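Asks: File structure11.pdb below, PDB, C-alpha atoms and all ligand atoms:
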```pdb
ATOM      1  CA  MET A1134     -20.908 -10.993 -16.877  1.00  0.00           C
ATOM      2  CA  SER A1135     -21.555 -13.451 -14.073  1.00  0.00           C
ATOM      3  CA  LEU A1136     -18.303 -14.353 -12.355  1.00  0.00           C
ATOM      4  CA  GLN A1137     -17.924 -17.222  -9.960  1.00  0.00           C
ATOM      5  CA  LEU A1138     -14.402 -16.345  -8.936  1.00  0.00           C
ATOM      6  CA  ARG A1139     -13.734 -13.466  -6.626  1.00  0.00           C
ATOM      7  CA  VAL A1140     -12.252 -10.344  -8.203  1.00  0.00           C
ATOM      8  CA  TYR A1141     -11.434  -7.502  -5.847  1.00  0.00           C
ATOM      9  CA  VAL A1142     -10.811  -3.917  -6.930  1.00  0.00           C
ATOM     10  CA  PRO A1143      -9.598  -2.254  -3.723  1.00  0.00           C
ATOM     11  CA  GLU A1144     -10.983   1.247  -3.131  1.00  0.00           C
ATOM     12  CA  HIS A1145      -7.719   2.870  -2.109  1.00  0.00           C
ATOM     13  CA  PRO A1146      -6.708   6.386  -3.214  1.00  0.00           C
ATOM     14  CA  LEU A1147      -3.054   5.357  -3.588  1.00  0.00           C
ATOM     15  CA  ILE A1148      -4.022   2.527  -5.921  1.00  0.00           C
ATOM     16  CA  LYS A1149      -6.167   4.924  -7.978  1.00  0.00           C
ATOM     17  CA  HIS A1150      -3.344   7.489  -8.042  1.00  0.00           C
ATOM     18  CA  TRP A1151      -0.621   5.108  -9.215  1.00  0.00           C
ATOM     19  CA  LEU A1152      -2.983   3.544 -11.761  1.00  0.00           C
ATOM     20  CA  ALA A1153      -3.639   7.010 -13.207  1.00  0.00           C
ATOM     21  CA  VAL A1154       0.109   7.658 -13.406  1.00  0.00           C
ATOM     22  CA  ALA A1155       0.686   4.294 -15.118  1.00  0.00           C
ATOM     23  CA  ARG A1156      -2.161   4.825 -17.605  1.00  0.00           C
ATOM     24  CA  ASP A1157      -0.958   8.272 -18.711  1.00  0.00           C
ATOM     25  CA  ALA A1158       0.846   7.901 -22.049  1.00  0.00           C
ATOM     26  CA  ASN A1159       3.063  10.889 -21.110  1.00  0.00           C
ATOM     27  CA  THR A1160       4.481   9.165 -18.018  1.00  0.00           C
ATOM     28  CA  PRO A1161       8.194   8.531 -18.617  1.00  0.00           C
ATOM     29  CA  THR A1162       9.720   5.082 -18.012  1.00  0.00           C
ATOM     30  CA  VAL A1163      11.299   5.962 -14.690  1.00  0.00           C
ATOM     31  CA  LEU A1164       7.978   7.152 -13.233  1.00  0.00           C
ATOM     32  CA  PHE A1165       6.074   4.279 -14.832  1.00  0.00           C
ATOM     33  CA  LYS A1166       8.413   1.894 -12.967  1.00  0.00           C
ATOM     34  CA  THR A1167       7.684   3.697  -9.712  1.00  0.00           C
ATOM     35  CA  ALA A1168       3.945   3.476 -10.376  1.00  0.00           C
ATOM     36  CA  MET A1169       4.124  -0.273 -11.025  1.00  0.00           C
ATOM     37  CA  SER A1170       6.245  -0.845  -7.952  1.00  0.00           C
ATOM     38  CA  GLU A1171       3.747   1.079  -5.806  1.00  0.00           C
ATOM     39  CA  LEU A1172       0.834  -0.830  -7.353  1.00  0.00           C
ATOM     40  CA  GLY A1173       2.699  -4.068  -6.596  1.00  0.00           C
ATOM     41  CA  ARG A1174       3.084  -2.977  -2.998  1.00  0.00           C
ATOM     42  CA  TRP A1175      -0.493  -1.821  -2.312  1.00  0.00           C
ATOM     43  CA  LEU A1176      -2.232  -4.571  -4.259  1.00  0.00           C
ATOM     44  CA  THR A1177      -0.098  -7.193  -2.503  1.00  0.00           C
ATOM     45  CA  TYR A1178      -0.983  -5.586   0.815  1.00  0.00           C
ATOM     46  CA  GLU A1179      -4.674  -5.920  -0.043  1.00  0.00           C
ATOM     47  CA  ALA A1180      -4.310  -9.426  -1.481  1.00  0.00           C
ATOM     48  CA  THR A1181      -2.561 -10.766   1.619  1.00  0.00           C
ATOM     49  CA  ARG A1182      -5.016  -9.332   4.150  1.00  0.00           C
ATOM     50  CA  ASN A1183      -6.892 -12.593   4.817  1.00  0.00           C
ATOM     51  CA  TRP A1184      -4.324 -14.901   3.257  1.00  0.00           C
ATOM     52  CA  LEU A1185      -1.131 -14.696   5.299  1.00  0.00           C
ATOM     53  CA  PRO A1186      -0.866 -17.623   7.735  1.00  0.00           C
ATOM     54  CA  THR A1187      -0.529 -16.565  11.361  1.00  0.00           C
ATOM     55  CA  ILE A1188       0.266 -18.168  14.698  1.00  0.00           C
ATOM     56  CA  GLU A1189      -1.105 -17.042  18.049  1.00  0.00           C
ATOM     57  CA  THR A1190       1.276 -16.889  20.979  1.00  0.00           C
ATOM     58  CA  THR A1191       2.326 -14.516  23.762  1.00  0.00           C
ATOM     59  CA  VAL A1192       5.195 -12.056  24.110  1.00  0.00           C
ATOM     60  CA  GLN A1193       6.810 -10.488  27.107  1.00  0.00           C
ATOM     61  CA  THR A1194       6.736  -6.683  26.824  1.00  0.00           C
ATOM     62  CA  PRO A1195       8.940  -4.612  29.145  1.00  0.00           C
ATOM     63  CA  LEU A1196       5.905  -4.424  31.466  1.00  0.00           C
ATOM     64  CA  SER A1197       3.944  -7.660  31.181  1.00  0.00           C
ATOM     65  CA  THR A1198       2.977 -10.567  28.926  1.00  0.00           C
ATOM     66  CA  CYS A1199       0.319 -10.171  26.256  1.00  0.00           C
ATOM     67  CA  ASP A1200      -1.237 -12.058  23.383  1.00  0.00           C
ATOM     68  CA  ALA A1201       0.647 -11.786  20.105  1.00  0.00           C
ATOM     69  CA  THR A1202       0.118 -12.779  16.475  1.00  0.00           C
ATOM     70  CA  PHE A1203       3.063 -13.559  14.182  1.00  0.00           C
ATOM     71  CA  ILE A1204       3.292 -14.616  10.536  1.00  0.00           C
ATOM     72  CA  ASN A1205       3.726 -18.391  10.561  1.00  0.00           C
ATOM     73  CA  PRO A1206       7.205 -19.055   9.137  1.00  0.00           C
ATOM     74  CA  GLU A1207       6.415 -22.773   8.646  1.00  0.00           C
ATOM     75  CA  VAL A1208       3.969 -22.201   5.779  1.00  0.00           C
ATOM     76  CA  PRO A1209       5.812 -21.953   2.438  1.00  0.00           C
ATOM     77  CA  MET A1210       5.026 -18.888   0.338  1.00  0.00           C
ATOM     78  CA  GLY A1211       6.033 -18.103  -3.213  1.00  0.00           C
ATOM     79  CA  VAL A1212       5.800 -15.088  -5.477  1.00  0.00           C
ATOM     80  CA  ILE A1213       5.692 -15.808  -9.214  1.00  0.00           C
ATOM     81  CA  PRO A1214       6.212 -12.814 -11.506  1.00  0.00           C
ATOM     82  CA  ILE A1215       5.157 -13.543 -15.086  1.00  0.00           C
ATOM     83  CA  LEU A1216       8.008 -12.131 -17.174  1.00  0.00           C
ATOM     84  CA  ARG A1217       8.551  -9.597 -18.455  1.00  0.00           C
ATOM     85  CA  ALA A1218       5.898  -7.233 -17.158  1.00  0.00           C
ATOM     86  CA  GLY A1219       5.367  -9.024 -13.827  1.00  0.00           C
ATOM     87  CA  LEU A1220       8.897  -8.044 -12.824  1.00  0.00           C
ATOM     88  CA  ALA A1221       7.700  -4.443 -12.572  1.00  0.00           C
ATOM     89  CA  LEU A1222       5.440  -5.419  -9.642  1.00  0.00           C
ATOM     90  CA  LEU A1223       8.025  -7.593  -7.918  1.00  0.00           C
ATOM     91  CA  ASP A1224       9.911  -5.227  -5.650  1.00  0.00           C
ATOM     92  CA  GLY A1225       6.647  -3.762  -4.326  1.00  0.00           C
ATOM     93  CA  ALA A1226       5.351  -7.267  -3.599  1.00  0.00           C
ATOM     94  CA  GLN A1227       8.640  -8.252  -1.958  1.00  0.00           C
ATOM     95  CA  ASN A1228       8.366  -5.281   0.391  1.00  0.00           C
ATOM     96  CA  ILE A1229       5.223  -6.900   1.786  1.00  0.00           C
ATOM     97  CA  LEU A1230       6.438 -10.526   1.524  1.00  0.00           C
ATOM     98  CA  PRO A1231      10.190 -10.375   2.205  1.00  0.00           C
ATOM     99  CA  VAL A1232      10.506 -14.051   3.166  1.00  0.00           C
ATOM    100  CA  ALA A1233       8.569 -15.528   0.224  1.00  0.00           C
ATOM    101  CA  SER A1234      10.550 -17.440  -2.409  1.00  0.00           C
ATOM    102  CA  THR A1235      10.526 -15.937  -5.906  1.00  0.00           C
ATOM    103  CA  TYR A1236      10.040 -18.261  -8.884  1.00  0.00           C
ATOM    104  CA  HIS A1237      10.319 -16.780 -12.373  1.00  0.00           C
ATOM    105  CA  LEU A1238       8.019 -17.802 -15.206  1.00  0.00           C
ATOM    106  CA  GLY A1239       8.698 -16.283 -18.635  1.00  0.00           C
ATOM    107  CA  LEU A1240       5.769 -16.288 -21.046  1.00  0.00           C
ATOM    108  CA  SER A1241       5.557 -14.482 -24.349  1.00  0.00           C
ATOM    109  CA  ARG A1242       2.635 -14.188 -26.698  1.00  0.00           C
ATOM    110  CA  ASN A1243       2.648 -14.593 -30.430  1.00  0.00           C
ATOM    111  CA  GLU A1244       1.431 -11.201 -31.682  1.00  0.00           C
ATOM    112  CA  SER A1245      -0.415 -12.802 -34.639  1.00  0.00           C
ATOM    113  CA  THR A1246      -2.142 -15.751 -32.966  1.00  0.00           C
ATOM    114  CA  LEU A1247      -2.122 -14.210 -29.435  1.00  0.00           C
ATOM    115  CA  GLU A1248      -1.129 -17.657 -28.120  1.00  0.00           C
ATOM    116  CA  ALA A1249       1.193 -17.838 -25.120  1.00  0.00           C
ATOM    117  CA  SER A1250       4.402 -19.834 -25.045  1.00  0.00           C
ATOM    118  CA  CYS A1251       6.860 -20.454 -22.229  1.00  0.00           C
ATOM    119  CA  TYR A1252      10.526 -19.484 -22.608  1.00  0.00           C
ATOM    120  CA  LEU A1253      11.627 -19.710 -18.935  1.00  0.00           C
ATOM    121  CA  ASN A1254      10.304 -21.946 -16.194  1.00  0.00           C
ATOM    122  CA  ASN A1255      12.005 -21.727 -12.824  1.00  0.00           C
ATOM    123  CA  LEU A1256       9.229 -23.524 -10.903  1.00  0.00           C
ATOM    124  CA  PRO A1257      10.144 -26.570  -8.781  1.00  0.00           C
ATOM    125  CA  ASP A1258       8.920 -30.005  -9.965  1.00  0.00           C
ATOM    126  CA  ARG A1259       6.585 -30.063  -6.921  1.00  0.00           C
ATOM    127  CA  PHE A1260       5.741 -27.274  -4.510  1.00  0.00           C
ATOM    128  CA  PRO A1261       5.748 -28.274  -0.828  1.00  0.00           C
ATOM    129  CA  PRO A1262       2.265 -29.100   0.566  1.00  0.00           C
ATOM    130  CA  GLN A1263       0.175 -26.063   1.601  1.00  0.00           C
ATOM    131  CA  THR A1264       2.327 -23.645  -0.419  1.00  0.00           C
ATOM    132  CA  LYS A1265       0.680 -20.276  -0.938  1.00  0.00           C
ATOM    133  CA  ILE A1266       1.379 -18.568  -4.251  1.00  0.00           C
ATOM    134  CA  LEU A1267       1.013 -14.950  -5.304  1.00  0.00           C
ATOM    135  CA  ILE A1268       1.120 -14.500  -9.099  1.00  0.00           C
ATOM    136  CA  LEU A1269       2.163 -11.106 -10.447  1.00  0.00           C
ATOM    137  CA  GLU A1270       0.655 -10.483 -13.901  1.00  0.00           C
ATOM    138  CA  PRO A1271      -0.097  -6.783 -14.557  1.00  0.00           C
ATOM    139  CA  MET A1272      -2.288  -7.272 -17.638  1.00  0.00           C
ATOM    140  CA  LEU A1273      -5.030  -9.929 -17.665  1.00  0.00           C
ATOM    141  CA  ALA A1274      -5.972  -9.540 -21.309  1.00  0.00           C
ATOM    142  CA  THR A1275      -6.862 -12.499 -23.551  1.00  0.00           C
ATOM    143  CA  GLY A1276      -6.210 -14.917 -20.691  1.00  0.00           C
ATOM    144  CA  GLY A1277      -3.676 -17.010 -22.613  1.00  0.00           C
ATOM    145  CA  SER A1278      -0.699 -16.294 -20.349  1.00  0.00           C
ATOM    146  CA  ILE A1279      -2.508 -16.480 -17.031  1.00  0.00           C
ATOM    147  CA  MET A1280      -4.210 -19.749 -17.979  1.00  0.00           C
ATOM    148  CA  MET A1281      -0.833 -21.218 -18.931  1.00  0.00           C
ATOM    149  CA  ALA A1282       0.667 -19.958 -15.654  1.00  0.00           C
ATOM    150  CA  MET A1283      -2.191 -21.455 -13.623  1.00  0.00           C
ATOM    151  CA  LYS A1284      -1.711 -24.808 -15.361  1.00  0.00           C
ATOM    152  CA  GLU A1285       2.050 -24.836 -14.705  1.00  0.00           C
ATOM    153  CA  ILE A1286       1.544 -23.951 -11.037  1.00  0.00           C
ATOM    154  CA  THR A1287      -1.415 -26.203 -10.173  1.00  0.00           C
ATOM    155  CA  SER A1288       0.124 -29.189 -12.008  1.00  0.00           C
ATOM    156  CA  ARG A1289       2.994 -28.894  -9.506  1.00  0.00           C
ATOM    157  CA  GLY A1290       0.716 -29.468  -6.546  1.00  0.00           C
ATOM    158  CA  VAL A1291      -0.592 -26.018  -5.576  1.00  0.00           C
ATOM    159  CA  ASP A1292      -4.275 -25.848  -4.606  1.00  0.00           C
ATOM    160  CA  PRO A1293      -5.972 -23.038  -6.633  1.00  0.00           C
ATOM    161  CA  ALA A1294      -7.634 -21.897  -3.381  1.00  0.00           C
ATOM    162  CA  GLU A1295      -4.137 -21.019  -2.096  1.00  0.00           C
ATOM    163  CA  ILE A1296      -3.332 -18.847  -5.143  1.00  0.00           C
ATOM    164  CA  ARG A1297      -3.940 -15.115  -5.446  1.00  0.00           C
ATOM    165  CA  ILE A1298      -3.301 -13.051  -8.541  1.00  0.00           C
ATOM    166  CA  VAL A1299      -2.176  -9.443  -8.416  1.00  0.00           C
ATOM    167  CA  SER A1300      -2.891  -7.587 -11.635  1.00  0.00           C
ATOM    168  CA  VAL A1301      -3.124  -3.916 -12.562  1.00  0.00           C
ATOM    169  CA  VAL A1302      -5.675  -4.002 -15.396  1.00  0.00           C
ATOM    170  CA  ALA A1303      -7.994  -6.991 -15.839  1.00  0.00           C
ATOM    171  CA  SER A1304     -10.394  -7.561 -18.714  1.00  0.00           C
ATOM    172  CA  PRO A1305     -13.506  -9.729 -19.086  1.00  0.00           C
ATOM    173  CA  PRO A1306     -12.051 -12.379 -21.467  1.00  0.00           C
ATOM    174  CA  ALA A1307      -9.292 -13.348 -19.007  1.00  0.00           C
ATOM    175  CA  LEU A1308     -11.619 -13.175 -16.006  1.00  0.00           C
ATOM    176  CA  ARG A1309     -14.173 -15.352 -17.793  1.00  0.00           C
ATOM    177  CA  GLN A1310     -11.610 -18.103 -18.473  1.00  0.00           C
ATOM    178  CA  LEU A1311     -10.280 -18.021 -14.928  1.00  0.00           C
ATOM    179  CA  SER A1312     -13.822 -18.119 -13.591  1.00  0.00           C
ATOM    180  CA  GLU A1313     -14.744 -21.147 -15.673  1.00  0.00           C
ATOM    181  CA  ASN A1314     -11.715 -23.120 -14.531  1.00  0.00           C
ATOM    182  CA  TYR A1315     -10.792 -21.941 -11.024  1.00  0.00           C
ATOM    183  CA  GLN A1316     -13.783 -21.058  -8.845  1.00  0.00           C
ATOM    184  CA  ASP A1317     -11.717 -20.722  -5.638  1.00  0.00           C
ATOM    185  CA  LEU A1318      -9.180 -18.311  -7.075  1.00  0.00           C
ATOM    186  CA  GLN A1319      -9.006 -14.715  -5.864  1.00  0.00           C
ATOM    187  CA  ILE A1320      -7.816 -11.823  -8.006  1.00  0.00           C
ATOM    188  CA  TYR A1321      -6.797  -8.353  -6.886  1.00  0.00           C
ATOM    189  CA  SER A1322      -6.718  -5.753  -9.618  1.00  0.00           C
ATOM    190  CA  ALA A1323      -6.485  -1.958  -9.672  1.00  0.00           C
ATOM    191  CA  ILE A1324      -9.225  -1.818 -12.325  1.00  0.00           C
ATOM    192  CA  ILE A1325     -11.367  -3.911 -14.673  1.00  0.00           C
ATOM    193  CA  ASP A1326     -11.452  -2.453 -18.189  1.00  0.00           C
ATOM    194  CA  GLU A1327     -14.152  -3.173 -20.706  1.00  0.00           C
ATOM    195  CA  GLY A1328     -12.455  -4.862 -23.590  1.00  0.00           C
ATOM    196  CA  LEU A1329      -9.622  -5.677 -25.950  1.00  0.00           C
ATOM    197  CA  ASN A1330      -8.684  -4.249 -29.340  1.00  0.00           C
ATOM    198  CA  SER A1331      -8.019  -6.417 -32.390  1.00  0.00           C
ATOM    199  CA  LYS A1332      -4.378  -6.876 -31.323  1.00  0.00           C
ATOM    200  CA  GLY A1333      -5.313  -8.217 -27.889  1.00  0.00           C
ATOM    201  CA  TYR A1334      -4.459  -5.020 -25.997  1.00  0.00           C
ATOM    202  CA  ILE A1335      -6.700  -3.875 -23.170  1.00  0.00           C
ATOM    203  CA  VAL A1336      -8.610  -0.644 -23.901  1.00  0.00           C
ATOM    204  CA  PRO A1337      -8.146   1.882 -22.377  1.00  0.00           C
ATOM    205  CA  GLY A1338      -5.495  -0.153 -20.506  1.00  0.00           C
ATOM    206  CA  LEU A1339      -2.021   1.273 -20.224  1.00  0.00           C
ATOM    207  CA  GLY A1340      -0.335  -0.004 -23.370  1.00  0.00           C
ATOM    208  CA  ASP A1341       2.395  -2.633 -23.393  1.00  0.00           C
ATOM    209  CA  ALA A1342       3.338  -2.926 -19.727  1.00  0.00           C
ATOM    210  CA  GLY A1343       6.662  -4.658 -20.480  1.00  0.00           C
ATOM    211  CA  ASP A1344       7.744  -2.077 -23.042  1.00  0.00           C
ATOM    212  CA  ARG A1345       6.762   0.790 -20.782  1.00  0.00           C
ATOM    213  CA  ALA A1346       8.506  -0.674 -17.722  1.00  0.00           C
ATOM    214  CA  PHE A1347      11.721  -1.496 -19.562  1.00  0.00           C
ATOM    215  CA  GLY A1348      11.856   1.430 -22.004  1.00  0.00           C
ATOM    216  CA  THR A1349      11.758  -0.742 -25.140  1.00  0.00           C
TER     217      THR A1349
HETATM  218  N1  LIG B1401      -0.128  -7.042 -22.388  1.00  0.00           N
HETATM  219  C1  LIG B1401       0.141  -5.732 -22.179  1.00  0.00           C
HETATM  220  O1  LIG B1401       1.249  -5.371 -21.791  1.00  0.00           O
HETATM  221  N2  LIG B1401      -0.847  -4.822 -22.406  1.00  0.00           N
HETATM  222  C2  LIG B1401      -2.073  -5.193 -22.813  1.00  0.00           C
HETATM  223  O2  LIG B1401      -2.921  -4.316 -22.996  1.00  0.00           O
HETATM  224  C3  LIG B1401      -2.335  -6.561 -23.029  1.00  0.00           C
HETATM  225  C4  LIG B1401      -1.346  -7.463 -22.805  1.00  0.00           C
END
```
Translate the structure described by the file into structure tokens.
Replies:
Amino acid sequence: MSLQLRVYVPEHPLIKHWLAVARDANTPTVLFKTAMSELGRWLTYEATRNWLPTIETTVQTPLSTCDATFINPEVPMGVIPILRAGLALLDGAQNILPVASTYHLGLSRNESTLEASCYLNNLPDRFPPQTKILILEPMLATGGSIMMAMKEITSRGVDPAEIRIVSVVASPPALRQLSENYQDLQIYSAIIDEGLNSKGYIVPGLGDAGDRAFGT
């Protein structure tokens, strides 16, 4: 598959470890939640490496002045978890981005047609100029939900080049659609799996991320 967008699979042992825990069908809900939270933390850390806006200044240490770099508080940042499963990544992401605003977007998919529909939209009518957005969507499967999320977000004024997606398992159909429509987008995922089964689940994947995170 030739991809124009940039998909990063960080080579970090902690990401591999927590992915393995999340994939294991014997992992109980409470540990699955921990795994998703840790994946949210480490993938957000990787995704924000060259993305967080900084300002250069100086600080006075107890001994002297020196150059200093701070996160620029003037640039608006938002985290958008795609409900339900995206909520499982949220507290990990918020550990890295404590000052970002959180906007909830609830999307469900019709299990017969696999089409996404929106049942909750907490996005503002327009995002402030230059807003940076981190989308939390653990499973990039058929691409229906993430494409709908991208449309809702970019139609409110966000430049796709300012958006990063954190996912846990990505699959080629979703990546192909994103690639065809958003060349400047960057995606950070713990793994890319080969394919989908007839019900739209990623194989080997980790099952239904929402059900496993919420014990349903
Ligand atoms: N959503 C999930 O939770 N798991 C999949 O495998 C695909 C979509």
Asks: For ligand LIG 1401 (chain B), I'd like the enclosing box, axis-aligned and padded by 4 Å on every side, reported as lines of an AutoDock Vina configuration file with centre and edge lengths in Å to one decimal.
Replies:
```
center_x = -0.8
center_y = -5.9
center_z = -22.4
size_x = 12.2
size_y = 11.1
size_z = 9.2
```
Asks: Taking only C-alpha atoms and all ligand atoms into account, which residues are within 7 Å of ligand LIG 1401 (chain B), as a PDB file with C-alpha atoms, in the frame of the given file?
Replies:
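Result saved to part.pdb:
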```pdb
ATOM      1  CA  ALA A1218       5.898  -7.233 -17.158  1.00  0.00           C
ATOM      2  CA  MET A1272      -2.288  -7.272 -17.638  1.00  0.00           C
ATOM      3  CA  LEU A1273      -5.030  -9.929 -17.665  1.00  0.00           C
ATOM      4  CA  ALA A1274      -5.972  -9.540 -21.309  1.00  0.00           C
ATOM      5  CA  GLY A1333      -5.313  -8.217 -27.889  1.00  0.00           C
ATOM      6  CA  TYR A1334      -4.459  -5.020 -25.997  1.00  0.00           C
ATOM      7  CA  ILE A1335      -6.700  -3.875 -23.170  1.00  0.00           C
ATOM      8  CA  VAL A1336      -8.610  -0.644 -23.901  1.00  0.00           C
ATOM      9  CA  GLY A1338      -5.495  -0.153 -20.506  1.00  0.00           C
ATOM     10  CA  LEU A1339      -2.021   1.273 -20.224  1.00  0.00           C
ATOM     11  CA  GLY A1340      -0.335  -0.004 -23.370  1.00  0.00           C
ATOM     12  CA  ASP A1341       2.395  -2.633 -23.393  1.00  0.00           C
ATOM     13  CA  ALA A1342       3.338  -2.926 -19.727  1.00  0.00           C
ATOM     14  CA  GLY A1343       6.662  -4.658 -20.480  1.00  0.00           C
TER      15      GLY A1343
END
```
Asks: If we count all atoms listed in the file, what is near A:Met1283 at a cut-off of 12 Å, once residues fewer than 4 positions away on the same chain are taken out, given as a PDB file with C-alpha atoms, in the coordinates of the input?
Replies:
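File produced: result_35.pdb:
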```pdb
ATOM      1  CA  ILE A1213       5.692 -15.808  -9.214  1.00  0.00           C
ATOM      2  CA  ILE A1215       5.157 -13.543 -15.086  1.00  0.00           C
ATOM      3  CA  LEU A1238       8.019 -17.802 -15.206  1.00  0.00           C
ATOM      4  CA  LEU A1256       9.229 -23.524 -10.903  1.00  0.00           C
ATOM      5  CA  ILE A1266       1.379 -18.568  -4.251  1.00  0.00           C
ATOM      6  CA  LEU A1267       1.013 -14.950  -5.304  1.00  0.00           C
ATOM      7  CA  ILE A1268       1.120 -14.500  -9.099  1.00  0.00           C
ATOM      8  CA  LEU A1269       2.163 -11.106 -10.447  1.00  0.00           C
ATOM      9  CA  GLU A1270       0.655 -10.483 -13.901  1.00  0.00           C
ATOM     10  CA  GLY A1276      -6.210 -14.917 -20.691  1.00  0.00           C
ATOM     11  CA  GLY A1277      -3.676 -17.010 -22.613  1.00  0.00           C
ATOM     12  CA  SER A1278      -0.699 -16.294 -20.349  1.00  0.00           C
ATOM     13  CA  ILE A1279      -2.508 -16.480 -17.031  1.00  0.00           C
ATOM     14  CA  THR A1287      -1.415 -26.203 -10.173  1.00  0.00           C
ATOM     15  CA  SER A1288       0.124 -29.189 -12.008  1.00  0.00           C
ATOM     16  CA  ARG A1289       2.994 -28.894  -9.506  1.00  0.00           C
ATOM     17  CA  GLY A1290       0.716 -29.468  -6.546  1.00  0.00           C
ATOM     18  CA  VAL A1291      -0.592 -26.018  -5.576  1.00  0.00           C
ATOM     19  CA  ASP A1292      -4.275 -25.848  -4.606  1.00  0.00           C
ATOM     20  CA  PRO A1293      -5.972 -23.038  -6.633  1.00  0.00           C
ATOM     21  CA  ALA A1294      -7.634 -21.897  -3.381  1.00  0.00           C
ATOM     22  CA  GLU A1295      -4.137 -21.019  -2.096  1.00  0.00           C
ATOM     23  CA  ILE A1296      -3.332 -18.847  -5.143  1.00  0.00           C
ATOM     24  CA  ARG A1297      -3.940 -15.115  -5.446  1.00  0.00           C
ATOM     25  CA  ILE A1298      -3.301 -13.051  -8.541  1.00  0.00           C
ATOM     26  CA  GLN A1310     -11.610 -18.103 -18.473  1.00  0.00           C
ATOM     27  CA  LEU A1311     -10.280 -18.021 -14.928  1.00  0.00           C
ATOM     28  CA  ASN A1314     -11.715 -23.120 -14.531  1.00  0.00           C
ATOM     29  CA  TYR A1315     -10.792 -21.941 -11.024  1.00  0.00           C
ATOM     30  CA  LEU A1318      -9.180 -18.311  -7.075  1.00  0.00           C
TER      31      LEU A1318
END
```
Asks: Pull out every residue that the PyMOL selection byres (((chain A and resi 1303) around 9) and not hetatm) matches in the shown coordinates and put them as a PyMOL selection string.
Replies: chain A and resi 1271-1274+1300-1302+1304-1308+1322-1327+1335+1338
Asks: For A:Pro1231, which residue out of A:Gln1319, A:Asn1330, A:Ser1250, A:Thr1177 is the nearest one, using all atoms listed in the file?
Replies: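 Under the stated criterion, the closest residue is A:Thr1177.
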Asks: Of the candidates A:Ala1233, A:Val1163, A:Leu1222, A:Cys1251, which one gets nearest to A:Trp1175 if we count all atoms listed in the file?
Replies: A:Leu1222
Asks: Which residue is closest to A:Arg1242? Choose from A:Lys1265, A:Arg1259, A:Lys1332, A:Arg1182 and count only C-alpha atoms.
Replies: A:Lys1332
Asks: Residues near A:Asp1200, anyone? I mean within 8 Å using all atoms listed in the file, not counting same-chain ones fewer than 4 positions away, as a list in words.
Replies: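 Counting only the stated atoms, we get Glu1189, Thr1190, Thr1191 and Val1192 of chain A.
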Asks: Hey, can you check how far atom CA of A:Val1154 sits from atom CA of A:Glu1171?
Replies: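 Calculated distance between atom CA of A:Val1154 and atom CA of A:Glu1171 is 10.7 Å.
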Asks: Which residue gives the smallest distance to A:Leu1164 among A:Ala1221, A:Ile1188, A:Leu1247, A:Leu1329, with only C-alpha atoms counted?
Replies: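 For A:Leu1164, the nearest of the candidates is A:Ala1221.
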Asks: A:Leu1152, A:Ala1180, A:Ala1249, A:Leu1185: which is nearest A:Asn1205, counting only C-alpha atoms?
Replies: A:Leu1185
Asks: What does the distance between atom CA of A:Leu1172 and atom CA of A:Glu1207 come to in Å, to one decimal place?
Replies: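 A separation of 27.7 Å between them.
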Asks: What's the 9 Å shell around A:Asp1224, counting all atoms listed in the file, without same-chain residues fewer than 6 positions away, as a VMD selection string?
Replies: chain A and resid 1170 to 1171 1173 to 1174
Asks: Work out how far atom CA of A:Lys1166 is from atom CA of A:His1150, in Å to one decimal.
Replies: 13.9 Å
Asks: Selected by the PyMOL selection byres (((chain A and resi 1232) around 10) and not hetatm) in the shown coordinates: which residues, as a PDB file with C-alpha atoms, in the frame of the given file?
Replies:
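This is the output file result-v7.pdb:
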```pdb
ATOM      1  CA  PRO A1206       7.205 -19.055   9.137  1.00  0.00           C
ATOM      2  CA  PRO A1209       5.812 -21.953   2.438  1.00  0.00           C
ATOM      3  CA  MET A1210       5.026 -18.888   0.338  1.00  0.00           C
ATOM      4  CA  GLY A1211       6.033 -18.103  -3.213  1.00  0.00           C
ATOM      5  CA  VAL A1212       5.800 -15.088  -5.477  1.00  0.00           C
ATOM      6  CA  GLN A1227       8.640  -8.252  -1.958  1.00  0.00           C
ATOM      7  CA  ASN A1228       8.366  -5.281   0.391  1.00  0.00           C
ATOM      8  CA  ILE A1229       5.223  -6.900   1.786  1.00  0.00           C
ATOM      9  CA  LEU A1230       6.438 -10.526   1.524  1.00  0.00           C
ATOM     10  CA  PRO A1231      10.190 -10.375   2.205  1.00  0.00           C
ATOM     11  CA  ALA A1233       8.569 -15.528   0.224  1.00  0.00           C
ATOM     12  CA  SER A1234      10.550 -17.440  -2.409  1.00  0.00           C
ATOM     13  CA  THR A1235      10.526 -15.937  -5.906  1.00  0.00           C
TER      14      THR A1235
END
```
Asks: Using all atoms listed in the file, find the one residue out of A:Pro1262, A:Thr1349, A:Thr1246, A:Pro1186 that sits nearest to A:Phe1203.
Replies: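 Looking at the shortest contact to A:Phe1203, the residue is A:Pro1186.
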